[in-house]
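File shown here: work35.pdb, holding PDB, C-alpha atoms and all ligand atoms.
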MODEL        1
ATOM      1  CA  MET A   1       0.000   0.000   0.000  1.00  0.00           C
ATOM      2  CA  HIS A   2       2.770   2.417   0.880  1.00  0.00           C
ATOM      3  CA  ILE A   3       4.674   1.546  -2.257  1.00  0.00           C
ATOM      4  CA  SER A   4       1.640   2.075  -4.446  1.00  0.00           C
ATOM      5  CA  LEU A   5       0.982   5.361  -2.713  1.00  0.00           C
ATOM      6  CA  LEU A   6       4.497   6.576  -3.470  1.00  0.00           C
ATOM      7  CA  ALA A   7       4.272   5.408  -7.068  1.00  0.00           C
ATOM      8  CA  GLY A   8       1.011   7.285  -7.377  1.00  0.00           C
ATOM      9  CA  ALA A   9       2.652  10.327  -5.871  1.00  0.00           C
ATOM     10  CA  LEU A  10       5.429  10.283  -8.442  1.00  0.00           C
ATOM     11  CA  ALA A  11       2.985   9.861 -11.291  1.00  0.00           C
ATOM     12  CA  LEU A  12       0.941  12.770 -10.019  1.00  0.00           C
ATOM     13  CA  ALA A  13       3.855  14.970  -9.044  1.00  0.00           C
ATOM     14  CA  PRO A  14       3.593  17.563 -11.825  1.00  0.00           C
ATOM     15  CA  SER A  15      -0.061  18.322 -11.230  1.00  0.00           C
ATOM     16  CA  ALA A  16      -0.268  17.553  -7.525  1.00  0.00           C
ATOM     17  CA  SER A  17       2.875  19.395  -6.461  1.00  0.00           C
ATOM     18  CA  ALA A  18       0.657  22.160  -5.190  1.00  0.00           C
ATOM     19  CA  HIS A  19      -0.633  19.813  -2.500  1.00  0.00           C
ATOM     20  CA  PHE A  20       1.040  17.786   0.207  1.00  0.00           C
ATOM     21  CA  LEU A  21       0.804  15.468   3.200  1.00  0.00           C
ATOM     22  CA  PHE A  22       2.900  14.717   6.267  1.00  0.00           C
ATOM     23  CA  PRO A  23       3.606  10.955   6.362  1.00  0.00           C
ATOM     24  CA  HIS A  24       6.930  11.123   8.235  1.00  0.00           C
ATOM     25  CA  LEU A  25       7.332  11.539  11.969  1.00  0.00           C
ATOM     26  CA  MET A  26      10.521  13.441  12.807  1.00  0.00           C
ATOM     27  CA  LEU A  27      12.233  11.983  15.863  1.00  0.00           C
ATOM     28  CA  ASN A  28      15.251  13.857  17.220  1.00  0.00           C
ATOM     29  CA  GLY A  29      16.130  15.109  13.764  1.00  0.00           C
ATOM     30  CA  VAL A  30      15.695  11.730  12.062  1.00  0.00           C
ATOM     31  CA  ARG A  31      13.008  11.299   9.453  1.00  0.00           C
ATOM     32  CA  THR A  32      11.167   8.024  10.119  1.00  0.00           C
ATOM     33  CA  GLY A  33       9.527   6.012   7.346  1.00  0.00           C
ATOM     34  CA  ALA A  34       6.390   7.081   5.515  1.00  0.00           C
ATOM     35  CA  PHE A  35       3.457   6.086   7.732  1.00  0.00           C
ATOM     36  CA  GLU A  36       5.793   4.232  10.094  1.00  0.00           C
ATOM     37  CA  TYR A  37       4.413   6.263  13.013  1.00  0.00           C
ATOM     38  CA  VAL A  38       1.810   8.334  11.178  1.00  0.00           C
ATOM     39  CA  ARG A  39      -1.761   7.253  10.625  1.00  0.00           C
ATOM     40  CA  GLU A  40      -2.505   7.086   6.944  1.00  0.00           C
ATOM     41  CA  HIS A  41      -5.712   8.464   5.464  1.00  0.00           C
ATOM     42  CA  ASP A  42      -7.641   7.997   2.249  1.00  0.00           C
ATOM     43  CA  PHE A  43      -7.558  11.533   0.921  1.00  0.00           C
ATOM     44  CA  GLY A  44      -3.988  11.599  -0.410  1.00  0.00           C
ATOM     45  CA  PHE A  45      -2.561  15.032  -1.105  1.00  0.00           C
ATOM     46  CA  MET A  46      -5.827  16.788  -1.538  1.00  0.00           C
ATOM     47  CA  PRO A  47      -6.853  19.708   0.645  1.00  0.00           C
ATOM     48  CA  HIS A  48     -10.246  20.155   2.237  1.00  0.00           C
ATOM     49  CA  ASN A  49     -12.154  23.419   2.340  1.00  0.00           C
ATOM     50  CA  ASN A  50     -13.669  25.316   5.253  1.00  0.00           C
ATOM     51  CA  ASP A  51     -16.707  23.033   5.675  1.00  0.00           C
ATOM     52  CA  TRP A  52     -14.293  20.449   6.968  1.00  0.00           C
ATOM     53  CA  ILE A  53     -13.722  22.187  10.296  1.00  0.00           C
ATOM     54  CA  TYR A  54     -17.173  20.887  11.306  1.00  0.00           C
ATOM     55  CA  SER A  55     -16.422  17.248  10.450  1.00  0.00           C
ATOM     56  CA  PRO A  56     -14.997  14.527  12.735  1.00  0.00           C
ATOM     57  CA  ASP A  57     -12.578  13.869   9.852  1.00  0.00           C
ATOM     58  CA  PHE A  58     -10.951  17.178  10.741  1.00  0.00           C
ATOM     59  CA  ARG A  59      -9.238  15.296  13.614  1.00  0.00           C
ATOM     60  CA  CYS A  60      -6.944  12.993  11.651  1.00  0.00           C
ATOM     61  CA  ASN A  61      -8.269  13.158   8.085  1.00  0.00           C
ATOM     62  CA  GLU A  62     -10.727  11.144   6.063  1.00  0.00           C
ATOM     63  CA  GLY A  63     -10.465   7.379   6.324  1.00  0.00           C
ATOM     64  CA  SER A  64      -7.708   7.479   8.953  1.00  0.00           C
ATOM     65  CA  TRP A  65      -9.775   5.405  11.383  1.00  0.00           C
ATOM     66  CA  ARG A  66      -9.431   2.329   9.218  1.00  0.00           C
ATOM     67  CA  HIS A  67      -5.633   2.771   9.260  1.00  0.00           C
ATOM     68  CA  ARG A  68      -5.375   3.195  13.008  1.00  0.00           C
ATOM     69  CA  ARG A  69      -3.644  -0.145  13.642  1.00  0.00           C
ATOM     70  CA  GLU A  70      -1.044   0.260  10.895  1.00  0.00           C
ATOM     71  CA  PRO A  71       1.483   2.691  12.393  1.00  0.00           C
ATOM     72  CA  LYS A  72       3.796   1.941  15.282  1.00  0.00           C
ATOM     73  CA  THR A  73       3.669   4.088  18.398  1.00  0.00           C
ATOM     74  CA  ALA A  74       6.842   6.130  18.929  1.00  0.00           C
ATOM     75  CA  GLN A  75       8.305   6.009  22.448  1.00  0.00           C
ATOM     76  CA  VAL A  76       9.375   9.515  23.479  1.00  0.00           C
ATOM     77  CA  THR A  77      10.134  11.421  26.669  1.00  0.00           C
ATOM     78  CA  ALA A  78       8.585  14.726  27.692  1.00  0.00           C
ATOM     79  CA  GLY A  79      11.103  17.526  28.133  1.00  0.00           C
ATOM     80  CA  ARG A  80      13.756  15.692  26.170  1.00  0.00           C
ATOM     81  CA  ASP A  81      12.798  14.423  22.727  1.00  0.00           C
ATOM     82  CA  VAL A  82      12.335  16.575  19.639  1.00  0.00           C
ATOM     83  CA  VAL A  83       9.376  15.497  17.531  1.00  0.00           C
ATOM     84  CA  GLY A  84       7.536  16.750  14.490  1.00  0.00           C
ATOM     85  CA  PHE A  85       6.517  16.019  10.922  1.00  0.00           C
ATOM     86  CA  ASN A  86       8.162  16.010   7.513  1.00  0.00           C
ATOM     87  CA  LEU A  87       6.463  16.383   4.143  1.00  0.00           C
ATOM     88  CA  HIS A  88       6.203  13.515   1.652  1.00  0.00           C
ATOM     89  CA  LEU A  89       8.956  12.898  -0.892  1.00  0.00           C
ATOM     90  CA  ASP A  90      11.142  15.595   0.645  1.00  0.00           C
ATOM     91  CA  PHE A  91       8.841  18.260  -0.789  1.00  0.00           C
ATOM     92  CA  ASP A  92       8.921  21.786   0.536  1.00  0.00           C
ATOM     93  CA  LEU A  93       5.737  23.406   1.776  1.00  0.00           C
ATOM     94  CA  TYR A  94       4.915  25.869  -0.984  1.00  0.00           C
ATOM     95  CA  HIS A  95       1.760  27.061   0.689  1.00  0.00           C
ATOM     96  CA  PRO A  96       1.339  30.217   2.763  1.00  0.00           C
ATOM     97  CA  GLY A  97      -0.354  30.000   6.148  1.00  0.00           C
ATOM     98  CA  PRO A  98       0.104  28.796   9.715  1.00  0.00           C
ATOM     99  CA  VAL A  99       1.374  25.365  10.750  1.00  0.00           C
ATOM    100  CA  THR A 100      -0.014  24.122  14.068  1.00  0.00           C
ATOM    101  CA  ILE A 101       0.582  20.954  16.109  1.00  0.00           C
ATOM    102  CA  TYR A 102      -1.750  19.615  18.812  1.00  0.00           C
ATOM    103  CA  LEU A 103      -1.656  16.704  21.259  1.00  0.00           C
ATOM    104  CA  SER A 104      -4.587  14.676  22.587  1.00  0.00           C
ATOM    105  CA  ARG A 105      -4.219  11.958  25.182  1.00  0.00           C
ATOM    106  CA  ALA A 106      -5.803   8.606  24.411  1.00  0.00           C
ATOM    107  CA  PRO A 107      -7.835   6.955  27.195  1.00  0.00           C
ATOM    108  CA  GLY A 108      -5.734   3.822  26.573  1.00  0.00           C
ATOM    109  CA  ASP A 109      -4.051   2.502  23.446  1.00  0.00           C
ATOM    110  CA  VAL A 110      -3.645   5.307  20.927  1.00  0.00           C
ATOM    111  CA  ARG A 111      -4.340   2.825  18.137  1.00  0.00           C
ATOM    112  CA  ASP A 112      -7.944   2.652  19.360  1.00  0.00           C
ATOM    113  CA  TYR A 113      -8.347   6.386  19.855  1.00  0.00           C
ATOM    114  CA  ASP A 114     -10.448   8.479  17.469  1.00  0.00           C
ATOM    115  CA  GLY A 115      -9.304  11.891  18.677  1.00  0.00           C
ATOM    116  CA  SER A 116     -12.697  12.830  20.114  1.00  0.00           C
ATOM    117  CA  GLY A 117     -11.186  14.057  23.398  1.00  0.00           C
ATOM    118  CA  ASP A 118      -9.397  17.253  24.375  1.00  0.00           C
ATOM    119  CA  TRP A 119      -6.567  18.739  22.292  1.00  0.00           C
ATOM    120  CA  PHE A 120      -3.951  21.227  23.413  1.00  0.00           C
ATOM    121  CA  LYS A 121      -1.587  23.155  21.181  1.00  0.00           C
ATOM    122  CA  VAL A 122       2.143  22.542  21.508  1.00  0.00           C
ATOM    123  CA  TYR A 123       3.558  24.205  18.396  1.00  0.00           C
ATOM    124  CA  GLN A 124       2.678  26.964  15.997  1.00  0.00           C
ATOM    125  CA  LEU A 125       4.460  28.655  13.165  1.00  0.00           C
ATOM    126  CA  GLY A 126       3.053  31.995  12.063  1.00  0.00           C
ATOM    127  CA  HIS A 127       4.614  34.782  10.026  1.00  0.00           C
ATOM    128  CA  ARG A 128       7.383  37.339  10.177  1.00  0.00           C
ATOM    129  CA  TYR A 129       6.583  40.607  11.918  1.00  0.00           C
ATOM    130  CA  PRO A 130       5.356  42.935  10.655  1.00  0.00           C
ATOM    131  CA  PHE A 131       3.489  40.885   8.070  1.00  0.00           C
ATOM    132  CA  ASP A 132       3.751  42.206   4.518  1.00  0.00           C
ATOM    133  CA  GLY A 133       1.298  39.846   2.810  1.00  0.00           C
ATOM    134  CA  ARG A 134       3.896  37.881   0.850  1.00  0.00           C
ATOM    135  CA  ASP A 135       3.675  34.070   0.813  1.00  0.00           C
ATOM    136  CA  GLU A 136       7.360  33.942   1.763  1.00  0.00           C
ATOM    137  CA  SER A 137       6.628  35.871   4.934  1.00  0.00           C
ATOM    138  CA  TRP A 138       4.896  32.840   6.421  1.00  0.00           C
ATOM    139  CA  LEU A 139       7.619  31.062   8.401  1.00  0.00           C
ATOM    140  CA  GLY A 140       6.509  27.637   7.182  1.00  0.00           C
ATOM    141  CA  PHE A 141       6.684  28.598   3.515  1.00  0.00           C
ATOM    142  CA  GLY A 142       9.354  26.568   1.719  1.00  0.00           C
ATOM    143  CA  GLN A 143      10.060  24.434   4.826  1.00  0.00           C
ATOM    144  CA  LYS A 144       9.758  20.658   4.950  1.00  0.00           C
ATOM    145  CA  ASN A 145      10.269  19.911   8.668  1.00  0.00           C
ATOM    146  CA  PHE A 146       8.130  21.109  11.559  1.00  0.00           C
ATOM    147  CA  GLN A 147       9.794  20.108  14.812  1.00  0.00           C
ATOM    148  CA  PHE A 148       9.796  21.095  18.457  1.00  0.00           C
ATOM    149  CA  ARG A 149      11.006  19.781  21.801  1.00  0.00           C
ATOM    150  CA  LEU A 150       8.204  18.112  23.729  1.00  0.00           C
ATOM    151  CA  PRO A 151       7.446  20.236  26.782  1.00  0.00           C
ATOM    152  CA  ALA A 152       8.178  18.590  30.156  1.00  0.00           C
ATOM    153  CA  GLN A 153       4.659  19.584  31.291  1.00  0.00           C
ATOM    154  CA  ILE A 154       2.845  16.685  29.648  1.00  0.00           C
ATOM    155  CA  PRO A 155       1.363  13.779  31.646  1.00  0.00           C
ATOM    156  CA  ALA A 156       2.565  10.289  30.727  1.00  0.00           C
ATOM    157  CA  GLY A 157       0.375   8.414  28.282  1.00  0.00           C
ATOM    158  CA  GLU A 158      -0.365   7.618  24.684  1.00  0.00           C
ATOM    159  CA  TYR A 159      -1.192  10.542  22.429  1.00  0.00           C
ATOM    160  CA  LEU A 160      -2.303  11.497  18.989  1.00  0.00           C
ATOM    161  CA  MET A 161      -0.087  14.280  17.659  1.00  0.00           C
ATOM    162  CA  ARG A 162      -1.909  16.235  14.966  1.00  0.00           C
ATOM    163  CA  ILE A 163      -0.354  18.608  12.465  1.00  0.00           C
ATOM    164  CA  GLU A 164      -2.515  21.115  10.640  1.00  0.00           C
ATOM    165  CA  GLN A 165      -1.633  23.497   7.852  1.00  0.00           C
ATOM    166  CA  MET A 166      -4.177  26.154   6.968  1.00  0.00           C
ATOM    167  CA  SER A 167      -3.335  27.511   3.531  1.00  0.00           C
ATOM    168  CA  THR A 168      -4.314  31.115   3.124  1.00  0.00           C
ATOM    169  CA  HIS A 169      -3.928  31.588  -0.634  1.00  0.00           C
ATOM    170  CA  PRO A 170      -7.533  30.886  -1.766  1.00  0.00           C
ATOM    171  CA  PRO A 171      -9.687  33.981  -2.178  1.00  0.00           C
ATOM    172  CA  TYR A 172     -11.838  35.557   0.504  1.00  0.00           C
ATOM    173  CA  ARG A 173     -12.466  33.447   3.593  1.00  0.00           C
ATOM    174  CA  GLN A 174     -11.791  30.171   1.866  1.00  0.00           C
ATOM    175  CA  LYS A 175      -8.825  28.124   3.071  1.00  0.00           C
ATOM    176  CA  GLU A 176      -7.168  24.832   2.229  1.00  0.00           C
ATOM    177  CA  TRP A 177      -6.780  22.461   5.180  1.00  0.00           C
ATOM    178  CA  TYR A 178      -4.201  19.705   5.556  1.00  0.00           C
ATOM    179  CA  VAL A 179      -4.223  17.416   8.594  1.00  0.00           C
ATOM    180  CA  GLN A 180      -2.343  14.297   9.703  1.00  0.00           C
ATOM    181  CA  CYS A 181      -1.836  12.434  13.018  1.00  0.00           C
ATOM    182  CA  ALA A 182       1.089  10.488  14.540  1.00  0.00           C
ATOM    183  CA  HIS A 183       1.086   7.980  17.411  1.00  0.00           C
ATOM    184  CA  LEU A 184       3.212   8.769  20.474  1.00  0.00           C
ATOM    185  CA  ARG A 185       3.785   7.059  23.815  1.00  0.00           C
ATOM    186  CA  ILE A 186       5.072   9.792  26.087  1.00  0.00           C
ATOM    187  CA  ALA A 187       7.111   8.975  29.189  1.00  0.00           C
ATOM    188  CA  SER A 188       6.850  11.671  31.819  1.00  0.00           C
ATOM    189  CA  ASN A 189       6.883  12.306  35.553  1.00  0.00           C
ATOM    190  CA  TYR A 190       4.716  15.393  35.193  1.00  0.00           C
ATOM    191  CA  THR A 191       1.777  15.514  37.578  1.00  0.00           C
ATOM    192  CA  GLY A 192       0.973  19.232  37.539  1.00  0.00           C
ATOM    193  CA  ARG A 193      -1.929  21.140  36.111  1.00  0.00           C
ATOM    194  CA  ALA A 194      -3.516  19.500  33.072  1.00  0.00           C
ATOM    195  CA  PRO A 195      -2.339  20.971  29.751  1.00  0.00           C
ATOM    196  CA  GLY A 196      -4.628  23.610  28.311  1.00  0.00           C
ATOM    197  CA  PRO A 197      -6.529  25.493  27.098  1.00  0.00           C
ATOM    198  CA  THR A 198      -8.062  22.582  25.234  1.00  0.00           C
ATOM    199  CA  ILE A 199     -10.422  22.381  22.281  1.00  0.00           C
ATOM    200  CA  ARG A 200     -12.207  19.580  20.487  1.00  0.00           C
ATOM    201  CA  PHE A 201     -12.530  18.704  16.813  1.00  0.00           C
ATOM    202  CA  PRO A 202     -15.056  19.479  15.541  1.00  0.00           C
ATOM    203  CA  GLY A 203     -16.177  22.388  17.690  1.00  0.00           C
ATOM    204  CA  GLY A 204     -12.889  24.110  18.413  1.00  0.00           C
ATOM    205  CA  TYR A 205     -12.804  26.025  15.142  1.00  0.00           C
ATOM    206  CA  ASN A 206     -15.558  28.236  13.843  1.00  0.00           C
ATOM    207  CA  ILE A 207     -15.973  29.953  10.500  1.00  0.00           C
ATOM    208  CA  ASN A 208     -16.046  33.277  12.354  1.00  0.00           C
ATOM    209  CA  ASP A 209     -12.623  32.746  13.930  1.00  0.00           C
ATOM    210  CA  PRO A 210     -10.388  35.693  12.994  1.00  0.00           C
ATOM    211  CA  ALA A 211      -7.792  33.276  11.589  1.00  0.00           C
ATOM    212  CA  ILE A 212     -10.330  31.857   9.147  1.00  0.00           C
ATOM    213  CA  GLN A 213     -11.795  35.274   8.346  1.00  0.00           C
ATOM    214  CA  TYR A 214      -8.382  36.503   7.182  1.00  0.00           C
ATOM    215  CA  ASP A 215      -8.583  37.194   3.425  1.00  0.00           C
ATOM    216  CA  SER A 216      -5.210  37.090   1.715  1.00  0.00           C
ATOM    217  CA  TRP A 217      -6.769  38.633  -1.421  1.00  0.00           C
ATOM    218  CA  ASP A 218      -7.776  41.782   0.425  1.00  0.00           C
ATOM    219  CA  PRO A 219      -5.392  44.530  -0.731  1.00  0.00           C
ATOM    220  CA  ARG A 220      -5.428  46.000   2.769  1.00  0.00           C
ATOM    221  CA  LYS A 221      -2.762  43.781   4.312  1.00  0.00           C
ATOM    222  CA  PRO A 222      -2.835  43.484   8.096  1.00  0.00           C
ATOM    223  CA  THR A 223       0.542  43.612   9.808  1.00  0.00           C
ATOM    224  CA  VAL A 224      -0.521  40.786  12.137  1.00  0.00           C
ATOM    225  CA  VAL A 225      -2.582  37.800  10.984  1.00  0.00           C
ATOM    226  CA  PRO A 226      -4.449  35.884  13.711  1.00  0.00           C
ATOM    227  CA  LEU A 227      -3.502  32.225  14.112  1.00  0.00           C
ATOM    228  CA  PRO A 228      -6.072  29.432  14.522  1.00  0.00           C
ATOM    229  CA  GLY A 229      -6.845  27.717  17.814  1.00  0.00           C
ATOM    230  CA  PRO A 230      -6.121  28.439  21.469  1.00  0.00           C
ATOM    231  CA  GLN A 231      -2.948  29.572  23.205  1.00  0.00           C
ATOM    232  CA  ILE A 232       0.046  27.299  23.136  1.00  0.00           C
ATOM    233  CA  TRP A 233       0.903  25.077  26.130  1.00  0.00           C
ATOM    234  CA  PRO A 234       2.704  25.695  28.434  1.00  0.00           C
ATOM    235  CA  ASN A 235       2.627  29.329  27.419  1.00  0.00           C
TER     236      ASN A 235
HETATM  237  C1  LIG B   1      11.242  10.188  36.404  1.00  0.00           C
HETATM  238  O1  LIG B   1      11.979  10.357  37.597  1.00  0.00           O
HETATM  239  C2  LIG B   1      12.938   9.350  37.818  1.00  0.00           C
HETATM  240  C3  LIG B   1      13.535   9.567  39.195  1.00  0.00           C
HETATM  241  O2  LIG B   1      13.987  10.887  39.339  1.00  0.00           O
HETATM  242  C4  LIG B   1      13.994   9.412  36.715  1.00  0.00           C
HETATM  243  O3  LIG B   1      14.957   8.405  36.881  1.00  0.00           O
HETATM  244  C5  LIG B   1      13.307   9.220  35.370  1.00  0.00           C
HETATM  245  O4  LIG B   1      14.246   9.402  34.332  1.00  0.00           O
HETATM  246  C6  LIG B   1      12.195  10.216  35.194  1.00  0.00           C
HETATM  247  N1  LIG B   1      11.453   9.891  33.990  1.00  0.00           N
HETATM  248  C7  LIG B   1      11.152  10.781  33.067  1.00  0.00           C
HETATM  249  C8  LIG B   1      10.361  10.288  31.913  1.00  0.00           C
HETATM  250  O5  LIG B   1      11.448  11.966  33.124  1.00  0.00           O
HETATM  251 CU    CU B   2      -2.920  23.488  -2.485  1.00  0.00          CU
ENDMDL
END
Write the structure described by the file as structure tokens, please.
Amino acid sequence: MHISLLAGALALAPSASAHFLFPHLMLNGVRTGAFEYVREHDFGFMPHNNDWIYSPDFRCNEGSWRHRREPKTAQVTAGRDVVGFNLHLDFDLYHPGPVTIYLSRAPGDVRDYDGSGDWFKVYQLGHRYPFDGRDESWLGFGQKNFQFRLPAQIPAGEYLMRIEQMSTHPPYRQKEWYVQCAHLRIASNYTGRAPGPTIRFPGGYNINDPAIQYDSWDPRKPTVVPLPGPQIWPN
């Protein structure tokens, strides 16, 4: 399945290069295999539009539930390991807009978790300040790796780690959404306050959110563009 997916990717590369997915978990700077630790989905490289924020598929992408037992679960340690995602086929992200990563703790085995619980934000990549409206001024533009050190303030457990890219180039309020989830088992001694603020998917994003209302085709360019979702943990 993975081989056929890559072959399909190569065949489609000229026309599909505008789109992307995140099949590789990054683990302390090493790119792991495609879908080795990342839950596959059945929507390939294609983006979704704004209606998608109201769908349960917004958690880990369409069809990912049927792939939930395919990836391994990466063993990592809070406060120590650097984790993240890498684009397919070593592509660069040629899409403007924020990149955001969330965590959600599974009640038990992450392979049986649908992501319906609480999510907290651990990473976000916005734009240079002041913003000048150029695609290149989004910090994720042209990047292929999105990595961060896991905060120490995360309770031990199994987690879905969800990356989201909201592309801002379509006109008006329309956006392109790209989402993918990895499986983590986090070792930690943390017993403090629960990570937050948390949101759920769907429900956490609304069409009226300032981040979604941002219109990159509006000639009046704001110098600061709002980012989607709640504050990052642990602030
Ligand atoms: C938890 O604390 C023990 C004792 O201090 C230490 O040996 C261990 O490495 C810690 N584990 C983690 C995941 O930080
Ligand atoms: Cu696109």
Kindly provide the residues of chain A that approach ligand LIG 1 (chain B) to within 10 Å, each paired with its closest atom pair and their distance in Å to one decimal, based on all atoms listed in the file, listed by chain and increasing number, as a Markdown table.
| residue | atom | partner | partner_atom | distance |
| --- | --- | --- | --- | --- |
| A:Val76 | CA | B:LIG1 | C8 | 8.5 |
| A:Thr77 | CA | B:LIG1 | C8 | 5.4 |
| A:Ala78 | CA | B:LIG1 | C8 | 6.4 |
| A:Gly79 | CA | B:LIG1 | O5 | 7.5 |
| A:Arg80 | CA | B:LIG1 | O5 | 8.2 |
| A:Ala152 | CA | B:LIG1 | O5 | 8.0 |
| A:Pro155 | CA | B:LIG1 | C8 | 9.7 |
| A:Ala156 | CA | B:LIG1 | C8 | 7.9 |
| A:Ile186 | CA | B:LIG1 | C8 | 7.9 |
| A:Ala187 | CA | B:LIG1 | C8 | 4.4 |
| A:Ser188 | CA | B:LIG1 | C8 | 3.8 |
| A:Asn189 | CA | B:LIG1 | C1 | 4.9 |
| A:Tyr190 | CA | B:LIG1 | O5 | 7.8 |
Expand the PyMOL selection byres (((not hetatm)) within 7 of (chain B and resi 2)) into the explicit residue set it covers here, and present it as a PyMOL selection string. chain A and resi 18-19+47+95+176
Please identify all polymer residues within 9 Å of Gly117 in chain A, counting only C-alpha atoms, omitting same-chain residues fewer than 3 positions from it, and present them as a VMD selection string. chain A and resid 104 to 107 113 to 114 199 to 201
Considering all atoms listed in the file, give me a table of residues in range 165-209 of chain A that are at most 12 Å from range 118-126 of chain A, with the closest atom pair and distance in Å for each, as a tab-separated table.
residue	atom	partner	partner_atom	distance
A:Gln165	CA	A:Leu125	CA	9.6
A:Met166	CA	A:Gly126	CA	10.6
A:Ser167	CA	A:Gly126	CA	11.6
A:Thr168	CA	A:Gly126	CA	11.6
A:Ala194	CA	A:Phe120	CA	9.8
A:Pro195	CA	A:Phe120	CA	6.5
A:Gly196	CA	A:Phe120	CA	5.5
A:Pro197	CA	A:Phe120	CA	6.2
A:Thr198	CA	A:Phe120	CA	4.7
A:Ile199	CA	A:Trp119	CA	5.3
A:Arg200	CA	A:Asp118	CA	5.3
A:Phe201	CA	A:Trp119	CA	8.1
A:Pro202	CA	A:Asp118	CA	10.7
A:Gly203	CA	A:Asp118	CA	10.8
A:Gly204	CA	A:Trp119	CA	9.2
A:Tyr205	CA	A:Trp119	CA	12.0
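CA of Thr100 in chain A to CA of Pro151 in chain A spans 15.2 Å [interatomic distance, one decimal].
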For the atom pair CA of Pro23 in chain A and CA of Glu158 in chain A, what is the interatomic distance in Å to one decimal place?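 Value for the CA of Pro23 in chain A-CA of Glu158 in chain A distance: 19.0 Å.
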May I ask for the distance between CA of Arg173 in chain A and CA of Gln213 in chain A, given in Å to one decimal place?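 A separation of 5.1 Å between them.
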Take the PyMOL selection byres (((chain A and resi 45) around 7) and not hetatm), apply it to the structure above, and return the hits as a list of chain:residue names.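 On this input, the PyMOL selection byres (((chain A and resi 45) around 7) and not hetatm) captures A:His19, A:Phe20, A:Leu21, A:Phe43, A:Gly44, A:Met46, A:Pro47.
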What lies within 10 Å of range 38-42 of chain A using all atoms listed in the file, ignoring chain neighbours under 2 positions off, as JSON, numbers by chain? {"A": [2, 21, 22, 23, 24, 25, 32, 33, 34, 35, 36, 44, 45, 46, 57, 60, 61, 62, 63, 64, 65, 66, 67, 68, 69, 70, 71, 72, 73, 74, 85, 111, 160, 161, 162, 179, 180, 181, 182, 183, 184]}
List the residues matched by the PyMOL selection byres (((chain A and resi 210) around 8) and not hetatm) in the displayed structure as JSON, numbers by chain, ordered by chain and then by residue number. {"A": [208, 209, 211, 212, 213, 214, 226, 227, 228]}
Residues from last step as file, C-alpha atoms, as a compact mmCIF listing (two decimals), in the coordinates of the input:
# COMPACT_ATOMS: atom_id res chain seq x y z
CA ASN A 208 -16.05 33.28 12.35
CA ASP A 209 -12.62 32.75 13.93
CA ALA A 211 -7.79 33.28 11.59
CA ILE A 212 -10.33 31.86 9.15
CA GLN A 213 -11.80 35.27 8.35
CA TYR A 214 -8.38 36.50 7.18
CA PRO A 226 -4.45 35.88 13.71
CA LEU A 227 -3.50 32.22 14.11
CA PRO A 228 -6.07 29.43 14.52
Polymer residues at most 9 Å from Glu136 in chain A, only C-alpha atoms, same-chain spacing of 4 or more positions, as a ChimeraX atom specification: /A:94-96,127,140-142
For Gln147 in chain A, find every residue with an atom within 8 Å (counting only C-alpha atoms), except residues of its own chain fewer than 6 positions away, and show them as a list in words.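 Counting only the stated atoms, we get Met26, Val82, Val83, Gly84 and Phe85 of chain A.
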Choose the residue, out of A:Asp218, A:Asp109, A:Asp51, A:Asp81, that has the smallest atom-to-atom separation from Gly157 in chain A; count all atoms listed in the file.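 Counting all atoms listed in the file, the residue closest to Gly157 in chain A is A:Asp109.
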Coords for range 173-182 of chain A, N, CA and C atoms, as a JSON list (two decimals), in the first residue's frame:
[["chain", "number", "residue", "atom", "x", "y", "z"],
["A", 173, "ARG", "N", -12.65, 34.17, 2.35],
["A", 173, "ARG", "CA", -12.47, 33.45, 3.59],
["A", 173, "ARG", "C", -12.09, 31.99, 3.35],
["A", 174, "GLN", "N", -12.04, 31.59, 2.11],
["A", 174, "GLN", "CA", -11.79, 30.17, 1.87],
["A", 174, "GLN", "C", -10.34, 29.82, 2.21],
["A", 175, "LYS", "N", -10.16, 28.61, 2.72],
["A", 175, "LYS", "CA", -8.82, 28.12, 3.07],
["A", 175, "LYS", "C", -8.68, 26.72, 2.53],
["A", 176, "GLU", "N", -7.43, 26.25, 2.45],
["A", 176, "GLU", "CA", -7.17, 24.83, 2.23],
["A", 176, "GLU", "C", -6.65, 24.27, 3.55],
["A", 177, "TRP", "N", -7.18, 23.09, 3.91],
["A", 177, "TRP", "CA", -6.78, 22.46, 5.18],
["A", 177, "TRP", "C", -6.09, 21.14, 4.92],
["A", 178, "TYR", "N", -4.96, 20.96, 5.62],
["A", 178, "TYR", "CA", -4.20, 19.71, 5.56],
["A", 178, "TYR", "C", -3.97, 19.22, 6.98],
["A", 179, "VAL", "N", -4.28, 17.95, 7.24],
["A", 179, "VAL", "CA", -4.22, 17.42, 8.59],
["A", 179, "VAL", "C", -3.66, 16.00, 8.57],
["A", 180, "GLN", "N", -2.86, 15.65, 9.57],
["A", 180, "GLN", "CA", -2.34, 14.30, 9.70],
["A", 180, "GLN", "C", -1.98, 14.04, 11.16],
["A", 181, "CYS", "N", -2.11, 12.78, 11.61],
["A", 181, "CYS", "CA", -1.84, 12.43, 13.02],
["A", 181, "CYS", "C", -0.76, 11.36, 13.15],
["A", 182, "ALA", "N", 0.09, 11.50, 14.19],
["A", 182, "ALA", "CA", 1.09, 10.49, 14.54],
["A", 182, "ALA", "C", 0.74, 9.87, 15.89]]
